[in-house]
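Worksheet: the structure to be examined is printed underneath.
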Amino acid sequence: MVAMTGLAQLERQALSSTLTRVGPDAPTLCEGWRSRDLAAHIVLRERRPDAVAGVFLPQLAGHSQRVQDGYAEGSWAGLVDMVRQGPPGWSPSRVPAVDDAVNLMEFFVHHEDVLRAAPGWSPDQARDIGPDLQEALWSRLRQMGQLMFRRSPVGIVLVTPEHGRRAVKGPTKLGTVVLRGEPAELILFGTGRRDVAQVEIDGEPDAVEALRESSFGL
């Protein structure tokens, strides 16, 4: 078994380095966000529990947006430094195991949001994602796959080269499709980054078409 503890911290540092390199106005895969908005979202999530609820509750969205915009409009170097430093000392995420459980997938996905939005990006430019991180991401898929694919119009079976297979949604009247790829790519697909996720889709044509036309993700 591969030790997973501390991977979120490694991904945090890698994301921070990428943010420093691309600057505050780089494109991202998050609609309407530049890199400064993405960094501000991460800081809000970790440092402003009073504003996090607005991410999920429409009635509080205005407050959340104002706090995020405040971070985004500040010093870029200071904002990236807050991402790099992480949450305040009172946060449970300071515990490595909690950090991995809560933040690993978040940091991985947002890191790829910046990397894969670069002009001219192609799959052959994808970074090498090592086996430790792939295994940890597969663990997250096993835990959260049902949530990720809950709105899929078809049944979903995930298949990876090294980690086997897992059904995350039962068959529907439209049938079932098999998604094949590395755990990292399956997570990107399941969180709505389909255009850049390197995933093969197998199934009956009607089921595959229904999946392609649907919209879902965390």
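Chain labels follow the order of the structure tokens: the first chain is A, the next B, and so on; residue numbering restarts at 1 in every chain, and ligands are counted from 1 in their shown order.
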_So that I can check the surroundings of stretch 155-161 of chain A, please list as a PyMOL selection string every protein, DNA and RNA residue that reaches within 12 Å of it, counting only C-alpha atoms and ignoring chain neighbours fewer than 2 positions away._
chain A and resi 131+134-135+137-138+141-142+145-153+163-187+189-190+198-204+207-208+210-211
If we count only C-alpha atoms and set the cut-off at 7 Å, which residues sit around stretch 18-22 of chain A, ignoring sequence neighbours fewer than 4 positions away in its own chain? Please answer as an mmCIF file with N, CA and C atoms, in the first residue's frame.
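Here's the written file selection_31.cif:
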data_model
loop_
_atom_site.group_PDB
_atom_site.id
_atom_site.type_symbol
_atom_site.label_atom_id
_atom_site.label_comp_id
_atom_site.auth_asym_id
_atom_site.auth_seq_id
_atom_site.Cartn_x
_atom_site.Cartn_y
_atom_site.Cartn_z
ATOM 1 N N ALA A 14 2.976 22.651 -5.487
ATOM 2 C CA ALA A 14 3.080 22.630 -6.945
ATOM 3 C C ALA A 14 2.125 23.641 -7.573
ATOM 4 N N ALA A 26 -3.831 34.658 -15.915
ATOM 5 C CA ALA A 26 -3.817 33.487 -16.790
ATOM 6 C C ALA A 26 -5.220 32.883 -16.874
ATOM 7 N N SER A 35 -6.597 33.290 -13.160
ATOM 8 C CA SER A 35 -5.836 32.642 -12.089
ATOM 9 C C SER A 35 -5.995 33.363 -10.754
ATOM 10 N N VAL A 80 -0.799 34.530 -3.562
ATOM 11 C CA VAL A 80 -0.170 33.229 -3.787
ATOM 12 C C VAL A 80 0.501 32.739 -2.508
#
_To test your reading of the structure, identify every residue in chain A that backbone DSSP assigns to helix (DSSP H, G or I), and report it as a PyMOL selection string._
chain A and resi 7-22+35-47+49-55+58-72+76-85+92-94+96-115+123-125+131-148+183-190+205-213
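Taking atom CA of A:Phe108 as the reference point, atom CA of A:Leu188 is found at 9.3 Å.
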